[in-house]
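A.B. asks: Below is the file target25.csv, which contains CSV, C-alpha atoms and all ligand atoms.
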chain,number,residue,atom,x,y,z
Z,1,MET,CA,-2.0,-18.0,1.3
Z,2,LYS,CA,-3.4,-15.3,-0.9
Z,3,VAL,CA,-2.4,-11.7,-0.1
Z,4,ALA,CA,-3.9,-8.3,-0.9
Z,5,PHE,CA,-1.0,-6.0,-1.2
Z,6,PHE,CA,-2.1,-2.4,-0.5
Z,7,ASP,CA,-0.4,0.9,-1.0
Z,8,ARG,CA,-0.8,3.1,2.1
Z,9,ASP,CA,-0.9,6.8,1.2
Z,10,GLY,CA,-3.7,7.8,-1.1
Z,11,THR,CA,-5.2,4.3,-0.9
Z,12,ILE,CA,-5.9,3.6,2.8
Z,13,ILE,CA,-5.1,6.9,4.4
Z,14,GLU,CA,-5.0,10.5,3.1
Z,15,ASP,CA,-1.9,11.5,1.1
Z,16,TYR,CA,-0.4,15.0,1.0
Z,17,PRO,CA,2.1,17.0,-1.0
Z,18,ASP,CA,5.6,16.0,0.3
Z,19,HIS,CA,6.3,19.2,2.2
Z,20,GLU,CA,2.9,19.0,4.0
Z,21,TRP,CA,3.8,15.5,5.4
Z,22,THR,CA,6.3,17.3,7.8
Z,23,TYR,CA,3.3,18.6,9.8
Z,24,ILE,CA,1.1,15.5,9.7
Z,25,LYS,CA,0.7,13.9,13.2
Z,26,LYS,CA,-2.1,11.3,12.6
Z,27,PRO,CA,-3.5,9.2,9.8
Z,28,VAL,CA,-6.8,10.3,8.2
Z,29,PHE,CA,-8.6,7.3,6.7
Z,30,LEU,CA,-10.0,7.7,3.2
Z,31,PRO,CA,-13.7,7.1,2.7
Z,32,ASP,CA,-14.6,3.3,2.5
Z,33,SER,CA,-11.0,2.1,3.0
Z,34,ILE,CA,-11.8,0.5,6.4
Z,35,GLU,CA,-14.9,-1.3,5.0
Z,36,THR,CA,-13.0,-2.4,2.0
Z,37,LEU,CA,-10.1,-3.9,4.0
Z,38,LYS,CA,-12.6,-5.7,6.1
Z,39,SER,CA,-14.3,-7.2,3.1
Z,40,VAL,CA,-10.9,-8.2,1.6
Z,41,LYS,CA,-10.1,-10.1,4.9
Z,42,GLU,CA,-13.5,-11.7,4.8
Z,43,LYS,CA,-12.8,-13.0,1.3
Z,44,GLY,CA,-9.8,-14.9,2.8
Z,45,TYR,CA,-6.9,-12.5,1.9
Z,46,GLU,CA,-4.1,-11.5,4.2
Z,47,ILE,CA,-3.2,-7.9,4.0
Z,48,ILE,CA,0.3,-6.6,3.5
Z,49,ILE,CA,1.0,-2.9,3.0
Z,50,ILE,CA,3.8,-1.9,0.6
Z,51,THR,CA,4.7,1.8,0.9
Z,52,ASN,CA,7.3,4.2,-0.6
Z,53,GLN,CA,8.5,6.4,2.2
Z,54,TYR,CA,11.2,8.5,0.5
Z,55,LEU,CA,9.9,11.2,2.8
Z,56,LEU,CA,12.2,9.6,5.4
Z,57,ASN,CA,15.6,9.8,3.7
Z,58,GLU,CA,14.6,13.0,1.8
Z,59,GLY,CA,14.1,14.6,5.2
Z,60,PHE,CA,10.4,15.5,5.1
Z,61,ILE,CA,9.5,13.3,8.0
Z,62,LEU,CA,11.3,11.6,10.9
Z,63,MET,CA,11.4,7.9,11.5
Z,64,GLU,CA,9.6,8.4,14.8
Z,65,GLN,CA,6.7,10.2,13.0
Z,66,TYR,CA,6.5,7.5,10.4
Z,67,LYS,CA,6.2,4.9,13.2
Z,68,GLU,CA,3.7,6.8,15.2
Z,69,ILE,CA,1.4,7.3,12.2
Z,70,THR,CA,1.7,3.6,11.2
Z,71,GLU,CA,0.9,2.5,14.8
Z,72,MET,CA,-2.2,4.8,15.0
Z,73,MET,CA,-3.4,3.4,11.6
Z,74,LEU,CA,-2.9,-0.2,12.8
Z,75,ASN,CA,-4.6,0.5,16.1
Z,76,GLU,CA,-7.6,2.0,14.3
Z,77,LEU,CA,-7.8,-1.0,12.0
Z,78,ALA,CA,-7.5,-3.4,14.9
Z,79,LEU,CA,-10.5,-1.7,16.5
Z,80,HIS,CA,-12.4,-2.7,13.4
Z,81,GLY,CA,-11.2,-6.3,13.7
Z,82,ILE,CA,-8.7,-5.9,10.8
Z,83,GLU,CA,-5.3,-7.4,11.4
Z,84,VAL,CA,-2.6,-6.4,8.9
Z,85,LEU,CA,-0.1,-9.2,8.4
Z,86,ASP,CA,2.9,-7.0,7.7
Z,87,ILE,CA,4.1,-3.6,6.3
Z,88,PHE,CA,7.1,-3.2,4.1
Z,89,TYR,CA,8.4,0.3,3.5
Z,90,CYS,CA,11.1,1.8,1.4
Z,91,PRO,CA,12.8,4.7,3.2
Z,92,HIS,CA,15.3,5.6,0.4
Z,93,LYS,CA,15.5,8.8,-1.6
Z,94,ARG,CA,14.0,8.7,-5.0
Z,95,ASN,CA,17.5,9.0,-6.5
Z,96,GLU,CA,19.2,6.6,-4.1
Z,97,GLY,CA,19.2,3.7,-6.5
Z,98,CYS,CA,17.7,1.1,-4.2
Z,99,THR,CA,15.8,-1.9,-5.4
Z,100,CYS,CA,12.8,-1.6,-3.1
Z,101,ILE,CA,11.2,1.7,-4.2
Z,102,LYS,CA,8.1,1.0,-6.2
Z,103,PRO,CA,7.8,0.2,-9.1
Z,104,GLN,CA,10.9,-1.9,-8.3
Z,105,THR,CA,9.9,-5.3,-6.9
Z,106,GLY,CA,12.2,-5.4,-3.8
Z,107,MET,CA,9.4,-5.0,-1.2
Z,108,ILE,CA,7.2,-7.8,-2.6
Z,109,MET,CA,10.2,-10.0,-3.1
Z,110,ASP,CA,11.1,-9.5,0.6
Z,111,ALA,CA,7.5,-10.4,1.5
Z,112,LEU,CA,7.7,-13.6,-0.6
Z,113,LYS,CA,11.0,-14.5,1.2
Z,114,LYS,CA,9.4,-13.8,4.6
Z,115,TYR,CA,6.2,-15.7,3.8
Z,116,PRO,CA,7.1,-18.5,1.4
Z,117,ASP,CA,3.5,-19.8,1.3
Z,118,ILE,CA,2.2,-16.7,-0.5
Z,119,ASN,CA,0.6,-17.7,-3.8
Z,120,ILE,CA,1.4,-14.7,-6.0
Z,121,ASN,CA,-1.0,-15.9,-8.7
Z,122,LYS,CA,-3.9,-15.6,-6.3
Z,123,SER,CA,-2.7,-12.3,-4.8
Z,124,PHE,CA,-3.1,-8.8,-6.1
Z,125,MET,CA,-1.9,-5.2,-5.5
Z,126,VAL,CA,-4.0,-2.1,-5.2
Z,127,GLY,CA,-2.8,1.5,-5.3
Z,128,ASP,CA,-3.6,5.0,-6.5
Z,129,SER,CA,-0.4,5.7,-8.3
Z,130,PRO,CA,1.2,4.6,-11.6
Z,131,VAL,CA,4.2,3.1,-9.7
Z,132,ASP,CA,1.7,0.7,-8.0
Z,133,ILE,CA,0.5,-0.5,-11.3
Z,134,GLU,CA,4.0,-0.7,-12.8
Z,135,LEU,CA,5.0,-2.8,-9.8
Z,136,THR,CA,2.1,-5.2,-10.5
Z,137,ILE,CA,3.2,-5.4,-14.1
Z,138,ASN,CA,6.8,-6.1,-13.1
Z,139,MET,CA,5.5,-8.8,-10.8
Z,140,LYS,CA,3.1,-10.2,-13.4
Z,141,MET,CA,0.4,-10.0,-10.7
Z,142,GLN,CA,-3.2,-8.9,-10.8
Z,143,GLY,CA,-3.5,-5.2,-10.0
Z,144,PHE,CA,-6.1,-2.5,-9.3
Z,145,GLY,CA,-5.4,1.1,-9.9
Z,146,ILE,CA,-7.6,3.7,-8.2
Z,147,GLY,CA,-8.3,6.5,-10.7
Z,148,VAL,CA,-5.1,5.8,-12.7
Z,149,GLY,CA,-6.7,5.9,-16.1
Z,150,SER,CA,-7.2,3.2,-18.6
Z,151,THR,CA,-3.6,3.3,-20.1
Z,152,TYR,CA,-2.5,0.3,-18.2
Z,153,CYS,CA,-5.6,-1.8,-18.3
Z,154,ASN,CA,-5.4,-5.4,-19.6
Z,155,ASP,CA,-6.6,-8.8,-18.6
Z,156,ASN,CA,-4.7,-8.5,-15.3
Z,157,ILE,CA,-4.9,-4.8,-14.6
Z,158,TYR,CA,-8.1,-3.0,-13.8
Z,159,GLU,CA,-8.9,0.6,-13.2
Z,160,ILE,CA,-11.4,1.2,-10.3
Z,161,LYS,CA,-12.9,4.6,-9.6
Z,162,SER,CA,-12.9,4.1,-5.8
Z,163,ILE,CA,-11.5,1.6,-3.3
Z,164,LYS,CA,-15.1,0.5,-2.5
Z,165,ASP,CA,-15.3,-1.0,-6.1
Z,166,LEU,CA,-12.5,-3.5,-5.2
Z,167,PRO,CA,-14.6,-6.3,-3.5
Z,168,ALA,CA,-16.7,-6.8,-6.5
Z,169,TYR,CA,-13.7,-7.9,-8.5
Z,170,ILE,CA,-12.1,-10.3,-6.1
N,201,MG,MG,-0.3,6.1,-3.0
N,202,ZN,ZN,14.2,1.5,-1.1
Take the structure from the file and write it as structure tokens.
Ligand SMILES: [Mg+2]
Ligand SMILES: [Zn+2]
C.D. replies:
Amino acid sequence: MKVAFFDRDGTIIEDYPDHEWTYIKKPVFLPDSIETLKSVKEKGYEIIIITNQYLLNEGFILMEQYKEITEMMLNELALHGIEVLDIFYCPHKRNEGCTCIKPQTGMIMDALKKYPDININKSFMVGDSPVDIELTINMKMQGFGIGVGSTYCNDNIYEIKSIKDLPAYI
């Protein structure tokens, strides 16, 4: 099975400064993200979301809020016929020393444990932050960084200007 690993905030839905997340009640989809996820599915990839949510343990949002926003996002995607295979999130504080916060590889390693038939060499990660790209480097995977600059680019890492550029590469 080939998997498209997606970051959530700033990649699929709108991201905000940490303190603003406290007041966010529903997800706002970024332009072209739904169409892109659909196209990725049509190309035979399963979708797994990999998201840092230090907002939880650092006290910016409650677990209930995280779960509600996630559920609303999944419902909206389902309305467009897009099924997300799984979501892995890291709730830990940035200084908590966990092994799952991106760019650490814990969440993808957990996904590989849960879904042993994932072919990591045919999979990729896409995100809008340097930690997403550093994660793909740590995993030796193909990666796409949205507007992250060309610093990281090599044979396996591409910068794309917008999420809608992704399908042309895969
Ligand atoms: Mg992000
Ligand atoms: Zn963690």
A.B. asks: Name the closest residue to Z:Glu64 among the candidates Z:Asp7, Z:Tyr158, Z:Leu30, Z:Lys25; distances are taken between atoms, counting only C-alpha atoms.
C.D. replies: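 Selected residue with least distance to Z:Glu64: Z:Lys25.
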A.B. asks: At a cut-off of 10 Å around ligand MG 201 (chain N), and using only C-alpha atoms and all ligand atoms, what residues come up? Please write them as a VMD selection string.
C.D. replies: chain Z and resid 6 to 16 50 to 52 126 to 132 145 to 146
A.B. asks: Show me which residues line ligand ZN 202 (chain N), defined as having an atom within 9 Å of a ligand atom where all atoms listed in the file count, and present them as a PyMOL selection string.
C.D. replies: chain Z and resi 52-54+89-94+96-102+104+106-107
A.B. asks: Please list, as a count of residues only, the residues that have an atom at most 10 Å away from (-2.1, -7.7, -18.6) in the coordinates of this file, counting only C-alpha atoms.
C.D. replies: 13
A.B. asks: May I have the protein, DNA and RNA residues with an atom at most 7 Å from (2.4, -13.9, 2.3), counting only C-alpha atoms in the file's coordinates, returned as a PyMOL selection string?
C.D. replies: chain Z and resi 1-3+111-112+115-118
A.B. asks: Restricting the calculation to only C-alpha atoms, which member of Z:Phe5, Z:Trp21, Z:Phe144, Z:Phe88 is positioned closest to Z:Leu37?
C.D. replies: Z:Phe5
A.B. asks: Would you mind listing what lies within 9 Å of Z:Ile34 as a PyMOL selection string, with all atoms listed in the file counted and same-chain residues fewer than 6 positions away left out?
C.D. replies: chain Z and resi 12+77+80+82
A.B. asks: Quick check, in Å to one decimal: how far apart do atom CA of Z:Glu42 and atom CA of Z:Ser162 lie?
C.D. replies: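 These two atoms are separated by 19.0 Å.
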A.B. asks: In Å, with one decimal, what is the gap from atom CA of Z:Thr151 to atom CA of Z:Ala168?
C.D. replies: 21.4 Å
A.B. asks: To one decimal in Å, tell me the separation between atom CA of Z:Asn121 and atom CA of Z:Asp165.
C.D. replies: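 Rounded to one decimal, the two atoms are 20.8 Å apart.
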A.B. asks: With distances taken over all atoms listed in the file, which residue among Z:Ile87, Z:Ile170, Z:Ala4, Z:Leu56 lies nearest Z:Thr70?
C.D. replies: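 Closest residue, counting all atoms listed in the file: Z:Ile87.
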A.B. asks: Would you mind completing stretch 29-42 of chain Z so that it carries N, CA, C and O atoms, and writing it out as a PDB file, in the coordinates of the input?
C.D. replies:
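Generated output (part10.pdb):
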ATOM      1  N   PHE Z  29      -8.196   8.338   7.611  1.00  0.00           N
ATOM      2  CA  PHE Z  29      -8.600   7.300   6.700  1.00  0.00           C
ATOM      3  C   PHE Z  29      -9.465   7.812   5.581  1.00  0.00           C
ATOM      4  O   PHE Z  29     -10.292   8.700   5.769  1.00  0.00           O
ATOM      5  N   LEU Z  30      -9.228   7.261   4.386  1.00  0.00           N
ATOM      6  CA  LEU Z  30     -10.000   7.700   3.200  1.00  0.00           C
ATOM      7  C   LEU Z  30     -11.388   7.011   3.287  1.00  0.00           C
ATOM      8  O   LEU Z  30     -11.548   5.944   3.896  1.00  0.00           O
ATOM      9  N   PRO Z  31     -12.395   7.631   2.680  1.00  0.00           N
ATOM     10  CA  PRO Z  31     -13.700   7.100   2.700  1.00  0.00           C
ATOM     11  C   PRO Z  31     -13.736   5.620   2.190  1.00  0.00           C
ATOM     12  O   PRO Z  31     -13.083   5.341   1.184  1.00  0.00           O
ATOM     13  N   ASP Z  32     -14.423   4.744   2.886  1.00  0.00           N
ATOM     14  CA  ASP Z  32     -14.600   3.300   2.500  1.00  0.00           C
ATOM     15  C   ASP Z  32     -13.385   2.459   2.593  1.00  0.00           C
ATOM     16  O   ASP Z  32     -13.464   1.267   2.311  1.00  0.00           O
ATOM     17  N   SER Z  33     -12.238   3.008   3.010  1.00  0.00           N
ATOM     18  CA  SER Z  33     -11.000   2.100   3.000  1.00  0.00           C
ATOM     19  C   SER Z  33     -11.143   1.080   4.119  1.00  0.00           C
ATOM     20  O   SER Z  33     -10.772  -0.076   3.894  1.00  0.00           O
ATOM     21  N   ILE Z  34     -11.656   1.436   5.279  1.00  0.00           N
ATOM     22  CA  ILE Z  34     -11.800   0.500   6.400  1.00  0.00           C
ATOM     23  C   ILE Z  34     -12.728  -0.666   5.987  1.00  0.00           C
ATOM     24  O   ILE Z  34     -12.416  -1.854   6.140  1.00  0.00           O
ATOM     25  N   GLU Z  35     -13.881  -0.286   5.452  1.00  0.00           N
ATOM     26  CA  GLU Z  35     -14.900  -1.300   5.000  1.00  0.00           C
ATOM     27  C   GLU Z  35     -14.317  -2.214   3.960  1.00  0.00           C
ATOM     28  O   GLU Z  35     -14.584  -3.416   3.958  1.00  0.00           O
ATOM     29  N   THR Z  36     -13.545  -1.635   3.062  1.00  0.00           N
ATOM     30  CA  THR Z  36     -13.000  -2.400   2.000  1.00  0.00           C
ATOM     31  C   THR Z  36     -11.933  -3.428   2.515  1.00  0.00           C
ATOM     32  O   THR Z  36     -11.922  -4.605   2.124  1.00  0.00           O
ATOM     33  N   LEU Z  37     -11.077  -2.965   3.433  1.00  0.00           N
ATOM     34  CA  LEU Z  37     -10.100  -3.900   4.000  1.00  0.00           C
ATOM     35  C   LEU Z  37     -10.780  -5.023   4.733  1.00  0.00           C
ATOM     36  O   LEU Z  37     -10.351  -6.181   4.661  1.00  0.00           O
ATOM     37  N   LYS Z  38     -11.859  -4.697   5.408  1.00  0.00           N
ATOM     38  CA  LYS Z  38     -12.600  -5.700   6.100  1.00  0.00           C
ATOM     39  C   LYS Z  38     -13.176  -6.750   5.155  1.00  0.00           C
ATOM     40  O   LYS Z  38     -13.081  -7.959   5.383  1.00  0.00           O
ATOM     41  N   SER Z  39     -13.735  -6.275   4.064  1.00  0.00           N
ATOM     42  CA  SER Z  39     -14.300  -7.200   3.100  1.00  0.00           C
ATOM     43  C   SER Z  39     -13.234  -8.048   2.419  1.00  0.00           C
ATOM     44  O   SER Z  39     -13.462  -9.243   2.163  1.00  0.00           O
ATOM     45  N   VAL Z  40     -12.060  -7.471   2.180  1.00  0.00           N
ATOM     46  CA  VAL Z  40     -10.900  -8.200   1.600  1.00  0.00           C
ATOM     47  C   VAL Z  40     -10.526  -9.361   2.553  1.00  0.00           C
ATOM     48  O   VAL Z  40     -10.291 -10.496   2.131  1.00  0.00           O
ATOM     49  N   LYS Z  41     -10.467  -9.048   3.853  1.00  0.00           N
ATOM     50  CA  LYS Z  41     -10.100 -10.100   4.900  1.00  0.00           C
ATOM     51  C   LYS Z  41     -11.186 -11.187   4.857  1.00  0.00           C
ATOM     52  O   LYS Z  41     -10.874 -12.374   4.917  1.00  0.00           O
ATOM     53  N   GLU Z  42     -12.450 -10.764   4.782  1.00  0.00           N
ATOM     54  CA  GLU Z  42     -13.500 -11.700   4.800  1.00  0.00           C
ATOM     55  C   GLU Z  42     -13.500 -12.670   3.608  1.00  0.00           C
ATOM     56  O   GLU Z  42     -13.991 -13.798   3.660  1.00  0.00           O
TER      57      GLU Z  42
END
